[in-house]
>>> print(open('input38.txt').read())   # compact mmCIF, C-alpha atoms
# COMPACT_ATOMS: atom_id res chain seq x y z
CA MET A 6 67.27 -29.14 11.83
CA SER A 7 70.77 -30.57 12.15
CA LEU A 8 71.57 -33.08 14.92
CA LEU A 9 74.08 -30.61 16.42
CA GLN A 10 71.45 -27.86 16.56
CA GLN A 11 68.91 -30.26 18.11
CA ILE A 12 71.36 -31.26 20.86
CA ARG A 13 72.18 -27.61 21.52
CA ASP A 14 68.47 -26.71 21.80
CA GLU A 15 67.81 -29.62 24.17
CA SER A 16 70.74 -28.55 26.32
CA ASP A 17 69.42 -24.95 26.45
CA PHE A 18 65.97 -26.23 27.45
CA ASP A 19 67.43 -28.35 30.27
CA GLN A 20 69.03 -25.22 31.72
CA LEU A 21 65.75 -23.27 31.85
CA PRO A 22 64.31 -22.50 35.32
CA HIS A 23 61.55 -24.85 36.49
CA ASN A 24 58.96 -22.06 36.61
CA ILE A 25 59.21 -21.33 32.88
CA PRO A 26 55.85 -21.99 31.11
CA VAL A 27 56.10 -24.71 28.48
CA SER A 28 52.44 -25.21 27.53
CA ALA A 29 49.12 -23.38 27.91
CA THR A 30 45.56 -24.36 27.02
CA ILE A 31 42.30 -22.45 27.32
CA ALA A 32 40.00 -24.38 29.63
CA ASP A 33 36.99 -22.08 29.46
CA ILE A 34 35.79 -18.49 29.24
CA GLU A 35 34.23 -16.44 32.04
CA GLU A 36 32.11 -13.33 31.74
CA LYS A 37 33.17 -10.31 33.75
CA LYS A 38 30.57 -7.64 34.53
CA GLY A 39 32.78 -4.63 35.16
CA PHE A 40 32.57 -1.07 33.87
CA ILE A 41 31.98 -2.82 30.56
CA ASP A 42 30.99 -6.46 30.14
CA TYR A 43 33.72 -8.66 28.69
CA PHE A 44 35.01 -12.23 28.69
CA LYS A 45 38.24 -13.59 30.12
CA PHE A 46 39.96 -16.75 28.99
CA VAL A 47 40.68 -19.31 31.71
CA VAL A 48 44.13 -20.64 30.77
CA GLU A 49 45.75 -23.71 32.30
CA VAL A 50 49.53 -23.23 32.33
CA LYS A 51 52.09 -26.00 32.75
CA THR A 52 55.68 -25.23 33.68
CA LYS A 53 58.95 -27.02 33.02
CA GLY A 54 58.86 -28.16 36.65
CA GLU A 55 55.49 -29.87 35.93
CA SER A 56 53.42 -27.55 38.11
CA LYS A 57 49.99 -26.45 36.88
CA TYR A 58 47.91 -23.37 37.60
CA PHE A 59 45.22 -21.15 36.09
CA ILE A 60 45.54 -17.60 34.81
CA TYR A 61 42.78 -15.30 33.55
CA ARG A 62 43.49 -13.11 30.54
CA ARG A 63 41.50 -10.83 28.23
CA TYR A 64 42.09 -10.77 24.49
CA ARG A 65 43.55 -7.26 24.82
CA GLU A 66 46.29 -8.72 27.06
CA PHE A 67 47.17 -11.25 24.34
CA PHE A 68 47.20 -8.39 21.83
CA ASN A 69 49.43 -6.16 23.99
CA LEU A 70 51.92 -9.00 24.58
CA HIS A 71 52.07 -9.75 20.86
CA GLN A 72 52.79 -6.11 20.04
CA VAL A 73 55.67 -6.01 22.55
CA LEU A 74 57.21 -9.24 21.25
CA GLU A 75 56.73 -8.15 17.64
CA ALA A 76 58.59 -4.88 18.21
CA ARG A 77 61.36 -6.73 20.04
CA TYR A 78 61.99 -9.83 17.93
CA THR A 79 60.51 -9.51 14.43
CA PRO A 80 63.33 -9.18 11.87
CA ALA A 81 63.36 -6.19 9.54
CA ASP A 82 63.55 -8.62 6.63
CA PRO A 83 61.56 -11.83 7.27
CA GLU A 84 63.60 -13.57 4.58
CA LYS A 85 66.84 -12.81 6.43
CA PRO A 86 66.30 -13.15 10.19
CA GLY A 87 69.28 -11.95 12.19
CA PRO A 88 70.57 -12.86 15.64
CA ASN A 89 68.06 -12.46 18.47
CA THR A 90 65.18 -12.26 16.00
CA CYS A 91 62.54 -14.81 15.08
CA LEU A 92 59.22 -15.14 13.29
CA LEU A 93 56.35 -14.95 15.74
CA PRO A 94 53.10 -16.91 15.31
CA SER A 95 50.13 -14.94 14.02
CA LEU A 96 47.54 -13.71 16.52
CA PRO A 97 43.82 -13.65 15.62
CA GLY A 98 42.81 -10.08 14.81
CA LYS A 99 40.45 -7.77 16.65
CA VAL A 100 36.69 -8.11 16.09
CA TYR A 101 34.63 -4.96 16.62
CA ILE A 102 31.08 -6.14 15.86
CA GLY A 103 29.21 -9.21 17.09
CA ASN A 104 28.12 -11.15 20.15
CA LYS A 105 30.94 -10.99 22.73
CA GLN A 106 30.48 -14.57 23.93
CA GLU A 107 30.46 -15.95 20.38
CA ILE A 108 33.58 -13.93 19.54
CA ALA A 109 35.38 -15.27 22.64
CA GLU A 110 34.33 -18.86 21.91
CA GLY A 111 35.46 -18.52 18.31
CA ARG A 112 38.91 -17.30 19.32
CA ILE A 113 39.71 -20.30 21.53
CA PRO A 114 41.16 -22.65 18.84
CA GLU A 115 43.27 -19.85 17.32
CA LEU A 116 44.56 -18.67 20.70
CA ASN A 117 45.43 -22.23 21.70
CA THR A 118 47.44 -22.58 18.48
CA TYR A 119 49.05 -19.19 19.11
CA MET A 120 50.17 -20.13 22.64
CA LYS A 121 51.44 -23.54 21.50
CA ARG A 122 53.63 -21.97 18.82
CA LEU A 123 54.69 -19.11 21.06
CA LEU A 124 55.96 -21.50 23.74
CA SER A 125 57.78 -23.51 21.07
CA LEU A 126 60.03 -20.60 20.12
CA PRO A 127 63.77 -20.62 20.99
CA THR A 128 64.56 -20.83 24.69
CA TRP A 129 65.88 -17.28 24.82
CA VAL A 130 62.40 -16.06 23.87
CA LEU A 131 60.86 -18.07 26.72
CA LEU A 132 63.07 -16.10 29.10
CA ASP A 133 61.58 -12.80 27.91
CA GLU A 134 60.32 -10.89 30.95
CA ASP A 135 57.05 -9.75 29.37
CA LEU A 136 56.23 -13.25 28.15
CA ARG A 137 56.97 -14.74 31.55
CA MET A 138 54.82 -12.13 33.31
CA PHE A 139 51.92 -12.84 30.95
CA PHE A 140 51.92 -16.53 31.94
CA TYR A 141 52.81 -15.84 35.58
CA GLN A 142 50.05 -16.56 38.10
CA THR A 143 49.36 -13.29 39.87
CA GLU A 144 47.91 -13.06 43.37
CA GLN A 145 44.56 -12.13 41.80
CA ASP A 146 44.75 -15.24 39.57
CA SER A 147 45.48 -17.50 42.55
CA GLN A 148 42.51 -16.15 44.54
CA HIS A 149 40.08 -16.72 41.67
CA HIS A 150 38.32 -20.08 41.47
CA PRO A 151 37.02 -21.08 38.03
CA ARG A 152 33.31 -21.86 37.91
CA ALA A 153 33.57 -24.52 35.21
CA LEU A 154 36.26 -26.01 33.03
CA ARG A 155 34.38 -27.42 30.08
CA ARG A 156 37.42 -28.25 27.96
CA LEU A 157 39.32 -30.06 30.70
CA ARG A 158 36.50 -32.31 31.91
CA PRO A 159 36.54 -35.92 30.63
CA PRO A 160 33.54 -36.96 28.53
CA THR A 161 30.78 -38.39 30.69
CA ARG A 162 27.30 -39.73 30.19
CA LYS A 163 24.50 -37.27 30.56
CA VAL A 164 22.78 -37.66 33.88
CA LYS A 165 19.34 -36.26 34.46
CA ASP A 166 19.52 -33.36 36.90
CA VAL A 167 17.36 -33.79 39.96
CA LYS A 168 16.68 -30.38 41.43
CA PRO A 169 16.12 -30.35 45.17
CA LYS A 170 12.73 -29.09 46.25
CA MET A 171 12.90 -25.59 47.61
CA ASP A 172 10.65 -24.49 50.43
CA LEU A 173 9.71 -21.13 48.95
CA PHE A 174 7.91 -19.96 52.09
CA SER A 175 11.04 -20.41 54.23
CA SER A 176 13.40 -18.64 51.78
CA PRO A 177 14.51 -15.02 52.34
CA ARG A 178 12.49 -12.94 49.88
CA ALA A 179 11.16 -9.49 49.09
CA GLU A 180 8.37 -7.97 47.02
CA ALA A 181 9.02 -5.24 44.44
CA MET A 182 7.09 -2.10 45.36
CA PHE A 183 8.12 -0.17 42.24
CA ASP A 184 9.42 -0.95 38.76
CA PHE A 185 13.23 -0.86 38.55
CA ARG A 186 15.31 -0.91 35.38
CA GLY A 187 18.88 -2.09 35.85
CA ASN A 188 21.81 -0.15 34.41
CA GLY A 189 23.65 -3.24 33.19
CA LYS A 190 23.81 -7.03 33.28
CA ALA A 191 24.83 -6.98 36.95
CA GLU A 192 21.51 -5.36 37.94
CA LEU A 193 18.07 -6.99 37.92
CA ASN A 194 15.02 -5.58 36.18
CA LEU A 195 12.06 -5.58 38.58
CA LYS A 196 8.33 -5.15 38.05
CA ARG A 197 6.00 -4.07 40.80
CA GLY A 198 4.52 -7.09 42.59
CA GLU A 199 7.28 -9.54 41.67
CA VAL A 200 8.77 -11.68 44.44
CA ILE A 201 12.57 -11.68 44.58
CA PHE A 202 14.40 -14.45 46.42
CA LEU A 203 17.31 -12.92 48.33
CA LEU A 204 20.86 -14.26 48.07
CA ARG A 205 22.88 -11.77 50.11
CA ARG A 206 23.34 -8.15 51.04
CA VAL A 207 25.83 -6.23 48.87
CA ASN A 208 25.98 -3.12 51.07
CA ALA A 209 23.70 -0.92 53.16
CA ASP A 210 21.59 0.03 50.12
CA TRP A 211 21.81 -2.92 47.69
CA LEU A 212 20.78 -6.58 47.77
CA GLU A 213 21.51 -9.52 45.50
CA GLY A 214 18.69 -11.85 44.53
CA THR A 215 17.01 -13.88 41.83
CA VAL A 216 13.75 -13.45 39.92
CA ASN A 217 12.50 -15.04 36.67
CA ASN A 218 15.62 -17.25 36.53
CA GLN A 219 17.86 -14.16 36.52
CA ALA A 220 20.30 -13.26 39.29
CA GLY A 221 21.59 -9.77 40.00
CA ILE A 222 21.63 -6.83 42.37
CA PHE A 223 18.97 -4.20 43.06
CA PRO A 224 18.37 -1.29 45.48
CA GLU A 225 16.63 -2.22 48.71
CA SER A 226 14.55 0.97 48.55
CA PHE A 227 12.54 -0.51 45.66
CA VAL A 228 11.34 -3.57 47.59
CA LYS A 229 9.54 -4.60 50.78
CA ILE A 230 11.32 -7.32 52.75
CA ILE A 231 8.99 -10.26 53.41
CA LYS A 232 11.54 -12.49 55.10
CA PRO A 233 15.01 -11.06 55.84
CA LEU A 234 18.33 -12.71 55.12
CA PRO A 235 20.15 -14.58 57.90
CA GLU A 236 22.46 -12.30 59.83
CA SER A 237 25.67 -13.64 58.21
CA ASP A 238 24.35 -13.04 54.67
CA SER A 239 23.00 -9.66 55.70
CA GLU A 240 26.54 -8.64 56.48
CA GLY A 241 27.69 -9.55 52.99
CA GLU A 242 29.34 -12.88 53.82
CA GLY A 243 27.31 -14.97 51.42
CA GLY A 244 30.29 -15.89 49.26
CA GLY A 245 28.92 -14.38 46.05
CA HIS A 246 30.58 -12.02 43.60
CA THR A 247 32.30 -8.93 44.95
CA TYR A 248 30.44 -5.79 43.89
CA SER A 249 31.81 -2.28 44.20
CA CYS A 250 29.69 0.83 43.74
CA LEU A 251 30.61 4.01 41.91
CA ARG A 252 28.67 7.18 42.66
CA CYS A 253 28.21 9.32 39.58
CA PHE A 254 26.36 12.54 38.82
CA LEU A 255 24.91 13.95 35.60
CA LEU A 256 25.01 17.74 35.85
CA THR A 257 22.52 19.55 33.61
CA PRO A 258 20.92 23.02 33.69
CA SER A 259 17.73 21.38 34.97
CA GLY A 260 19.41 19.69 37.95
CA VAL A 261 21.58 16.81 39.10
CA ASP A 262 20.85 13.12 38.42
CA THR A 263 22.67 10.92 40.96
CA ARG A 264 23.28 7.23 40.35
CA ASP A 265 25.07 4.42 42.17
CA VAL A 266 26.53 2.06 39.58
CA CYS A 267 27.54 -1.35 40.95
CA VAL A 268 30.14 -3.37 39.05
CA GLN A 269 31.80 -6.74 39.59
CA GLU A 270 35.23 -5.20 40.20
CA ASP A 271 37.62 -4.79 43.11
CA LEU A 272 37.97 -1.32 44.65
CA SER A 273 41.61 -1.25 43.50
CA ILE A 274 40.67 -1.48 39.80
CA GLN A 275 41.90 1.29 37.51
CA PRO A 276 39.39 1.40 34.64
CA THR A 277 40.30 2.91 31.29
CA TYR A 278 38.92 6.23 30.12
CA LYS A 279 37.21 4.47 27.22
CA ASP A 280 35.45 1.98 29.53
CA LEU A 281 34.25 4.71 31.90
CA LEU A 282 32.92 6.86 29.07
CA SER A 283 31.10 3.89 27.54
CA ARG A 284 29.52 2.97 30.88
CA MET A 285 28.37 6.54 31.63
CA ARG A 286 26.79 6.82 28.19
CA ASN A 287 24.91 3.62 28.93
CA VAL A 288 23.85 4.69 32.43
CA PHE A 289 22.56 8.15 31.52
CA LYS A 290 21.46 7.30 27.95
CA VAL A 291 23.29 10.35 26.56
CA ASP A 292 26.15 10.25 24.02
CA ASP A 293 27.48 13.82 23.89
CA ILE A 294 29.00 13.88 27.37
CA VAL A 295 32.36 14.42 29.05
CA LEU A 296 33.75 13.01 32.31
CA ASN A 297 35.01 15.09 35.20
CA TYR A 298 36.14 14.82 38.82
CA ARG A 299 36.35 17.40 41.60
CA ASP A 300 39.72 18.61 42.86
CA PRO A 301 40.33 19.36 46.59
CA GLU A 302 39.02 22.92 46.03
CA GLY A 303 35.74 21.55 44.67
CA ASP A 304 36.32 22.62 41.06
CA LEU A 305 35.53 20.29 38.18
CA VAL A 306 38.49 18.91 36.22
CA ARG A 307 37.81 17.38 32.81
CA ILE A 308 39.07 13.84 32.13
CA LEU A 309 40.59 13.35 28.68
CA ASP A 310 42.59 10.11 28.82
CA ASP A 311 43.83 7.23 30.98
CA GLU A 312 46.41 9.43 32.73
CA ASP A 313 43.64 11.75 33.90
CA VAL A 314 41.71 8.70 35.23
CA GLN A 315 44.76 7.65 37.23
CA LEU A 316 45.13 11.19 38.59
CA MET A 317 41.45 11.18 39.64
CA ILE A 318 41.88 7.85 41.44
CA ARG A 319 45.02 9.03 43.27
CA GLU A 320 43.22 12.23 44.32
CA GLY A 321 40.22 10.23 45.54
CA ARG A 322 42.42 7.91 47.61
CA ARG A 323 44.21 10.87 49.20
CA GLN A 324 40.86 12.23 50.38
CA GLN A 325 39.57 8.79 51.43
CA GLY A 326 39.87 9.42 55.16
CA THR A 327 38.07 12.78 55.02
CA VAL A 328 34.88 11.53 53.31
CA LYS A 329 32.62 8.89 54.88
CA ARG A 330 31.54 6.26 52.33
CA PRO A 331 30.22 2.67 52.41
CA VAL A 332 33.04 0.12 52.60
CA ASN A 333 32.44 -1.11 49.04
CA GLN A 334 32.14 2.31 47.38
CA PHE A 335 34.96 3.62 45.20
CA PRO A 336 36.87 6.47 46.87
CA TRP A 337 36.44 8.56 43.71
CA GLU A 338 33.31 9.89 41.99
CA LEU A 339 32.46 10.81 38.41
CA HIS A 340 30.76 14.07 37.46
CA VAL A 341 29.28 13.86 33.98
CA THR A 342 28.47 17.01 32.02
CA MET A 343 27.31 17.81 28.52
CA ALA A 344 30.24 18.31 26.12
CA SER A 345 28.95 21.73 25.04
CA ASP A 346 28.43 23.05 28.60
CA LEU A 347 31.55 24.95 29.65
CA SER A 348 29.75 26.95 32.35
CA VAL A 349 30.44 24.20 34.91
CA TYR A 350 34.14 25.00 35.01
CA ASN A 351 35.79 27.62 37.23
CA GLU A 352 37.50 30.00 34.81
CA GLU A 353 39.10 32.19 37.46
CA ALA A 354 42.88 32.31 37.32
>>> encode(input="input38.txt", output="structure tokens")
Amino acid sequence: MSLLQQIRDESDFDQLPHNIPVSATIADIEEKKGFIDYFKFVVEVKTKGESKYFIYRRYREFFNLHQVLEARYTPADPEKPGPNTCLLPSLPGKVYIGNKQEIAEGRIPELNTYMKRLLSLPTWVLLDEDLRMFFYQTEQDSQHHPRALRRLRPPTRKVKDVKPKMDLFSSPRAEAMFDFRGNGKAELNLKRGEVIFLLRRVNADWLEGTVNNQAGIFPESFVKIIKPLPESDSEGEGGGHTYSCLRCFLLTPSGVDTRDVCVQEDLSIQPTYKDLLSRMRNVFKVDDIVLNYRDPEGDLVRILDDEDVQLMIREGRRQQGTVKRPVNQFPWELHVTMASDLSVYNEEA
């Protein structure tokens, strides 16, 4: 690089706004137990104005950003880049098979390199709106508190953990009266006779607790309360994860199977069609199914893509005041039918 070009680049950098991101490092990963289980990267961002904050991004968000920037700035001929074009750093590719945690851990060095090179591109790229929004700390980011930051902690000597003695007989607890098999990682598996130590109440029907060194949620109807939770925790103020429940139905010629699926998501979430289909297949243990919702007339409407999911959510929110539901239940419901069963649809014109 010529001295003149270096001076020009330094001058352009000095004129950048103070909130422009200039470096980003992955501090840790966190598992999210939503409609599907996935990992988010905890990214520490530093700005030109020397402020620091954390953002939480999935790999798919890195991938989507890269596709946008590639379409916008990659030259038609890499050997002859034109004005307002540049060569972007390479992004680690998608991995379809393997342990999700191991995949996320393995991507950290490559994603750190990717972000370092991305934020070293010409200053006019740093001003790109999509790039700035990717590194911008959203309201949801600011309200999230990371559990651990393994890669930002200084090395320390190992100290033997001294676990405080727990008075088991004074702890809120319940006894399982029936076997219960959870529908996902968020839900506990219970065996009749097991004692579950209670952490908090999720809603009127579900509790959160721990058994066999596993924590999760379970329906209260499957247990007998031995010692109830304190009143504050009974009202769901225990400070744990936020769980929202989705009511779903499997409609078959033999009857209706109703389930309440609890996920670690906010009620405002708009899941993808792919994620919903995957979760329903897992819940009902059937592959050849389709998703539906009921319109205001009560007829089933088949869901085919993400736009249909958004339409279902909007319809559910419009009817929110007319249907009484628990405060943490989604205002929309899923009706699952067999793909070959067309008799469930109203064919009248």
>>> residues_around(input="input38.txt", residues="stretch 217-226 of chain A", least_positions_apart="6", cutoff="12 Å", atoms="all atoms listed in the file", output="PyMOL selection string")
chain A and resi 38+178-196+199-211+233+245-250+264-269
>>> atom_distance(input="input38.txt", atom1="atom CA of A:Asp293", atom2="atom CA of A:Met343")
6.1 Å
>>> axis_aligned_box(input="input38.txt", around="stretch 321-340 of chain A", padding_each_side="8 Å", output="lines of an AutoDock Vina configuration file")
center_x = 37.2
center_y = 6.5
center_z = 46.3
size_x = 30.0
size_y = 31.2
size_z = 33.7
>>> residues_near_point(input="input38.txt", point="(60.7, -6.7, 17.3)", cutoff="12 Å", atoms="only C-alpha atoms", output="VMD selection string")
chain A and resid 70 to 83 86 to 93 130
>>> residues_near_point(input="input38.txt", point="(40.1, 16.8, 25.8)", cutoff="12 Å", atoms="all atoms listed in the file", output="list in words")
Tyr278, Ile294, Val295, Leu296, Asn297, Val306, Arg307, Ile308, Leu309, Asp310, Asp311, Glu312, Asp313 and Ala344 of chain A
>>> residues_around(input="input38.txt", residues="stretch 40-53 of chain A", least_positions_apart="2", cutoff="7 Å", atoms="all atoms listed in the file", output="MDAnalysis selection string")
chainID A and resid 23:38 55:63 105:106 109 268 280:281 284
>>> write_last_selection(input="input38.txt", atoms="C-alpha atoms", output="PDB file, in the coordinates of the input")
ATOM      1  CA  HIS A  23      61.550 -24.850  36.490  1.00  0.00           C
ATOM      2  CA  ASN A  24      58.960 -22.060  36.610  1.00  0.00           C
ATOM      3  CA  ILE A  25      59.210 -21.330  32.880  1.00  0.00           C
ATOM      4  CA  PRO A  26      55.850 -21.990  31.110  1.00  0.00           C
ATOM      5  CA  VAL A  27      56.100 -24.710  28.480  1.00  0.00           C
ATOM      6  CA  SER A  28      52.440 -25.210  27.530  1.00  0.00           C
ATOM      7  CA  ALA A  29      49.120 -23.380  27.910  1.00  0.00           C
ATOM      8  CA  THR A  30      45.560 -24.360  27.020  1.00  0.00           C
ATOM      9  CA  ILE A  31      42.300 -22.450  27.320  1.00  0.00           C
ATOM     10  CA  ALA A  32      40.000 -24.380  29.630  1.00  0.00           C
ATOM     11  CA  ASP A  33      36.990 -22.080  29.460  1.00  0.00           C
ATOM     12  CA  ILE A  34      35.790 -18.490  29.240  1.00  0.00           C
ATOM     13  CA  GLU A  35      34.230 -16.440  32.040  1.00  0.00           C
ATOM     14  CA  GLU A  36      32.110 -13.330  31.740  1.00  0.00           C
ATOM     15  CA  LYS A  37      33.170 -10.310  33.750  1.00  0.00           C
ATOM     16  CA  LYS A  38      30.570  -7.640  34.530  1.00  0.00           C
ATOM     17  CA  GLU A  55      55.490 -29.870  35.930  1.00  0.00           C
ATOM     18  CA  SER A  56      53.420 -27.550  38.110  1.00  0.00           C
ATOM     19  CA  LYS A  57      49.990 -26.450  36.880  1.00  0.00           C
ATOM     20  CA  TYR A  58      47.910 -23.370  37.600  1.00  0.00           C
ATOM     21  CA  PHE A  59      45.220 -21.150  36.090  1.00  0.00           C
ATOM     22  CA  ILE A  60      45.540 -17.600  34.810  1.00  0.00           C
ATOM     23  CA  TYR A  61      42.780 -15.300  33.550  1.00  0.00           C
ATOM     24  CA  ARG A  62      43.490 -13.110  30.540  1.00  0.00           C
ATOM     25  CA  ARG A  63      41.500 -10.830  28.230  1.00  0.00           C
ATOM     26  CA  LYS A 105      30.940 -10.990  22.730  1.00  0.00           C
ATOM     27  CA  GLN A 106      30.480 -14.570  23.930  1.00  0.00           C
ATOM     28  CA  ALA A 109      35.380 -15.270  22.640  1.00  0.00           C
ATOM     29  CA  VAL A 268      30.140  -3.370  39.050  1.00  0.00           C
ATOM     30  CA  ASP A 280      35.450   1.980  29.530  1.00  0.00           C
ATOM     31  CA  LEU A 281      34.250   4.710  31.900  1.00  0.00           C
ATOM     32  CA  ARG A 284      29.520   2.970  30.880  1.00  0.00           C
TER      33      ARG A 284
END
>>> residues_around(input="input38.txt", residues="A:Met120", least_positions_apart="3", cutoff="9 Å", atoms="all atoms listed in the file", output="list in words")
Ser28, Ala29, Thr30, Pro94, Glu115, Leu116, Asn117, Leu123, Leu124 and Ser125 of chain A
>>> closest_residue(input="input38.txt", among="A:Pro235, A:Pro177, A:Gly198, A:Gly321", to="A:Gly214", atoms="all atoms listed in the file")
A:Pro177
>>> closest_residue(input="input38.txt", among="A:Glu107, A:Glu270, A:Asp292, A:Glu352", to="A:Leu305", atoms="all atoms listed in the file")
A:Glu352
>>> residues_around(input="input38.txt", residues="A:Arg319", least_positions_apart="6", cutoff="12 Å", atoms="all atoms listed in the file", output="short mmCIF file (atom, residue, chain, number, x, y, z; two decimals) with C-alpha atoms, in the frame of the given file")
data_model
loop_
_atom_site.label_atom_id
_atom_site.label_comp_id
_atom_site.auth_asym_id
_atom_site.auth_seq_id
_atom_site.Cartn_x
_atom_site.Cartn_y
_atom_site.Cartn_z
CA SER A 273 41.61 -1.25 43.50
CA ILE A 274 40.67 -1.48 39.80
CA GLN A 275 41.90 1.29 37.51
CA TYR A 298 36.14 14.82 38.82
CA ASP A 300 39.72 18.61 42.86
CA PRO A 301 40.33 19.36 46.59
CA GLU A 312 46.41 9.43 32.73
CA ASP A 313 43.64 11.75 33.90
CA GLN A 325 39.57 8.79 51.43
CA PHE A 335 34.96 3.62 45.20
CA PRO A 336 36.87 6.47 46.87
CA TRP A 337 36.44 8.56 43.71
CA GLU A 338 33.31 9.89 41.99
#
>>> atom_distance(input="input38.txt", atom1="atom CA of A:His149", atom2="atom CA of A:Arg65")
19.6 Å
>>> residues_around(input="input38.txt", residues="stretch 259-261 of chain A", least_positions_apart="5", cutoff="12 Å", atoms="only C-alpha atoms", output="VMD selection string")
chain A and resid 253 to 254 289 340 to 342
>>> write_last_selection(input="input38.txt", atoms="C-alpha atoms", output="PDB file, keeping the file's coordinate frame")
ATOM      1  CA  CYS A 253      28.210   9.320  39.580  1.00  0.00           C
ATOM      2  CA  PHE A 254      26.360  12.540  38.820  1.00  0.00           C
ATOM      3  CA  PHE A 289      22.560   8.150  31.520  1.00  0.00           C
ATOM      4  CA  HIS A 340      30.760  14.070  37.460  1.00  0.00           C
ATOM      5  CA  VAL A 341      29.280  13.860  33.980  1.00  0.00           C
ATOM      6  CA  THR A 342      28.470  17.010  32.020  1.00  0.00           C
TER       7      THR A 342
END
>>> atom_distance(input="input38.txt", atom1="atom CA of A:Ile113", atom2="atom CA of A:Phe139")
17.1 Å
>>> closest_residue(input="input38.txt", among="A:Arg112, A:Arg299, A:His150, A:Lys290", to="A:Leu316", atoms="only C-alpha atoms")
A:Arg299
